[in-house]
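Listing of target16.cif, mmCIF, C-alpha atoms
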```cif
data_start
#
loop_
_atom_site.label_atom_id
_atom_site.label_comp_id
_atom_site.auth_asym_id
_atom_site.auth_seq_id
_atom_site.Cartn_x
_atom_site.Cartn_y
_atom_site.Cartn_z
CA ALA D 18 100.55 -127.35 7.27
CA CYS D 19 100.67 -124.51 4.78
CA GLU D 20 99.37 -125.01 1.24
CA SER D 21 102.87 -125.11 -0.28
CA CYS D 22 104.04 -127.88 2.07
CA ARG D 23 100.77 -129.79 1.53
CA LYS D 24 101.21 -129.71 -2.24
CA LYS D 25 104.83 -130.86 -2.01
CA LYS D 26 103.97 -133.33 0.77
CA THR D 27 106.80 -132.05 2.91
CA ARG D 28 107.02 -131.46 6.63
CA CYS D 29 105.76 -128.05 7.73
CA ASN D 30 106.70 -126.56 11.09
CA GLY D 31 103.53 -124.44 11.06
CA GLY D 32 105.41 -121.20 11.65
CA ARG D 33 103.37 -118.01 11.29
CA PRO D 34 103.29 -115.86 9.28
CA MET D 35 105.68 -118.08 7.29
CA CYS D 36 106.91 -121.62 7.91
CA ASN D 37 110.64 -122.38 7.75
CA ARG D 38 110.39 -124.18 4.42
CA CYS D 39 108.64 -121.26 2.70
CA ILE D 40 111.24 -118.87 4.15
CA GLU D 41 114.07 -121.08 2.80
CA THR D 42 112.48 -121.42 -0.65
CA THR D 43 111.06 -117.86 -0.73
CA THR D 44 107.63 -119.34 -1.43
CA GLU D 45 104.36 -117.63 -0.56
CA CYS D 46 103.14 -119.22 2.68
CA ILE D 47 99.34 -119.56 2.85
CA TYR D 48 97.35 -121.38 5.53
CA ARG D 49 93.76 -122.55 5.23
CA SER D 50 91.27 -120.91 7.55
CA ASP D 51 89.58 -123.05 10.21
CA GLU D 52 86.36 -122.89 8.18
CA GLU D 53 88.16 -124.11 5.04
CA GLU D 54 89.80 -126.88 7.05
CA LYS D 55 86.41 -128.03 8.36
CA LYS D 56 85.03 -128.11 4.81
CA VAL D 57 88.00 -130.12 3.56
CA LEU D 58 87.68 -132.61 6.42
CA ALA D 59 83.94 -132.98 5.77
CA LEU D 60 84.60 -133.60 2.07
CA GLU D 61 87.33 -136.14 2.85
CA MET D 62 84.95 -137.96 5.19
CA ARG D 63 82.22 -137.99 2.54
CA ILE D 64 84.65 -139.30 -0.07
CA SER D 65 85.58 -142.12 2.31
CA GLU D 66 81.89 -142.95 2.83
CA VAL D 67 81.24 -142.99 -0.92
CA ILE D 68 84.25 -145.25 -1.55
CA ASN D 69 83.03 -147.64 1.17
CA GLU D 70 79.53 -147.70 -0.34
CA LEU D 71 80.97 -148.31 -3.82
CA GLU D 72 82.98 -151.27 -2.49
CA GLN D 73 79.85 -152.73 -0.90
CA LEU D 74 77.84 -152.29 -4.10
CA ARG D 75 80.62 -153.99 -6.06
CA GLU D 76 80.54 -156.83 -3.55
CA LEU D 77 76.77 -157.14 -4.02
CA TYR D 78 77.21 -157.13 -7.80
CA GLY D 79 79.86 -159.87 -7.50
CA ILE D 80 77.52 -161.97 -5.37
CA ILE D 81 74.67 -161.59 -7.87
CA HIS D 82 77.03 -162.39 -10.74
CA SER D 83 78.39 -165.55 -9.10
CA ARG D 84 75.09 -167.05 -7.91
CA SER D 85 72.70 -169.33 -9.73
CA THR D 86 69.91 -167.69 -11.69
CA GLU D 87 67.40 -168.51 -8.96
CA GLU D 88 69.56 -167.12 -6.16
CA ALA D 89 70.42 -164.02 -8.18
CA GLN D 90 66.73 -163.44 -8.92
CA GLU D 91 65.90 -163.72 -5.21
CA ILE D 92 68.60 -161.17 -4.35
CA PHE D 93 67.37 -158.90 -7.14
CA ASN D 94 63.80 -159.17 -5.81
CA ARG D 95 65.04 -158.17 -2.35
CA ILE D 96 66.80 -155.15 -3.87
CA ARG D 97 63.57 -154.10 -5.60
CA THR D 98 61.53 -154.35 -2.39
CA ASN D 99 64.17 -152.83 -0.10
CA SER D 100 65.29 -149.28 -0.81
CA ASP D 101 68.79 -149.85 0.60
CA PRO D 102 71.00 -152.29 -1.36
CA ILE D 103 73.58 -152.24 1.45
CA GLU D 104 70.97 -153.76 3.78
CA VAL D 105 70.34 -156.45 1.17
CA LEU D 106 74.08 -157.15 1.05
CA GLN D 107 74.13 -157.49 4.85
CA MET D 108 71.16 -159.89 4.73
CA VAL D 109 72.85 -162.00 2.04
CA ASN D 110 76.12 -162.12 3.99
CA ALA D 111 74.28 -163.01 7.21
CA SER D 112 72.34 -165.80 5.52
CA ASP D 113 75.56 -167.12 3.96
CA LEU D 114 77.14 -167.25 7.42
CA LEU D 115 74.12 -169.10 8.80
CA LEU D 116 74.30 -171.62 5.97
CA GLN D 117 78.00 -172.17 6.54
CA GLY D 118 77.32 -172.82 10.21
CA THR D 119 74.65 -175.44 9.49
CA LEU D 120 76.49 -177.37 6.80
CA PRO D 121 78.35 -180.47 7.99
CA GLU D 122 82.11 -180.27 7.87
CA GLU D 123 83.72 -182.20 5.05
CA THR D 124 86.15 -184.89 6.05
CA GLY D 125 89.05 -185.48 3.77
#
```
As structure tokens, how would this structure be written, given the file I've shared?
Amino acid sequence: ACESCRKKKTRCNGGRPMCNRCIETTTECIYRSDEEEKKVLALEMRISEVINELEQLRELYGIIHSRSTEEAQEIFNRIRTNSDPIEVLQMVNASDLLLQGTLPEETG
């Protein structure tokens, strides 16, 4: 899509040198180059990765916040000895799943 259609979030027929919408509205019709498009896609992918990492770090923070002092200290110690907090989160989640699997079911 051309830049004008992108900004207005409207359908663009991709016509060159001008799309139909830009012809109708007598708007300047500019397309990104392939190189610019690659850069934008790479940035969008990186933004998605950063958002995912932020969500995981928030999850880890929530776990630390909700646990007992002893459990939180153990998690904190793991963070200090492991350079990747996401790996610590995965270990905590895995151990929680193991604990859930070994606890007897409650009968009500």
inquiry  = Counting only C-alpha atoms, which residues have an atom no more than 7 Å from (75.3, -150.9, 0.5) in the file's coordinates? Please list them as a list of chain:residue names.
reply    = D:Glu70, D:Gln73, D:Leu74, D:Asp101, D:Pro102, D:Ile103, D:Glu104, D:Leu106
Check your understanding: Mind telling me what the PyMOL selection byres ((chain D and resi 47) around 7) catches here, as an MDAnalysis selection string?
Key -> chainID D and resid 19:20 45:46 48:49
* What is the distance between CA of Ala89 in chain D and CA of Leu116 in chain D, in Å to one decimal? ->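 Going from CA of Ala89 in chain D over to CA of Leu116 in chain D covers 16.5 Å.
Near Thr27 in chain D, within 12 Å and counting all atoms listed in the file, sit Ala18, Cys19, Glu20, Ser21, Cys22, Arg23, Lys24, Asn30, Gly31, Cys36, Asn37, Arg38 and Cys39 of chain D, not including residues fewer than 3 positions from it in the same chain.
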Computed gap from CA of Thr98 in chain D to CA of Val67 in chain D is 22.8 Å
| said: Please list as a ChimeraX atom specification every residue within 10 Å of Ile80 in chain D, counting all atoms listed in the file and excluding residues in the same chain fewer than 2 positions away. | reply: /D:74-78,82-85,88-89,92,106,109-110
Report, as AutoDock Vina command-line options, the axis-aligned box around all atoms of range 53-60 of chain D present in the file, extended by 6 Å on each side; give centre and edge lengths in Å to one decimal place.
```
--center_x 86.9 --center_y -128.9 --center_z 5.2 --size_x 17.9 --size_y 21.5 --size_z 18.3
```
Using Å and a single decimal, report how far CA of Asn69 in chain D sits from CA of Phe93 in chain D.
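Separating CA of Phe93 in chain D from CA of Asn69 in chain D is a distance of 21.0 Å.
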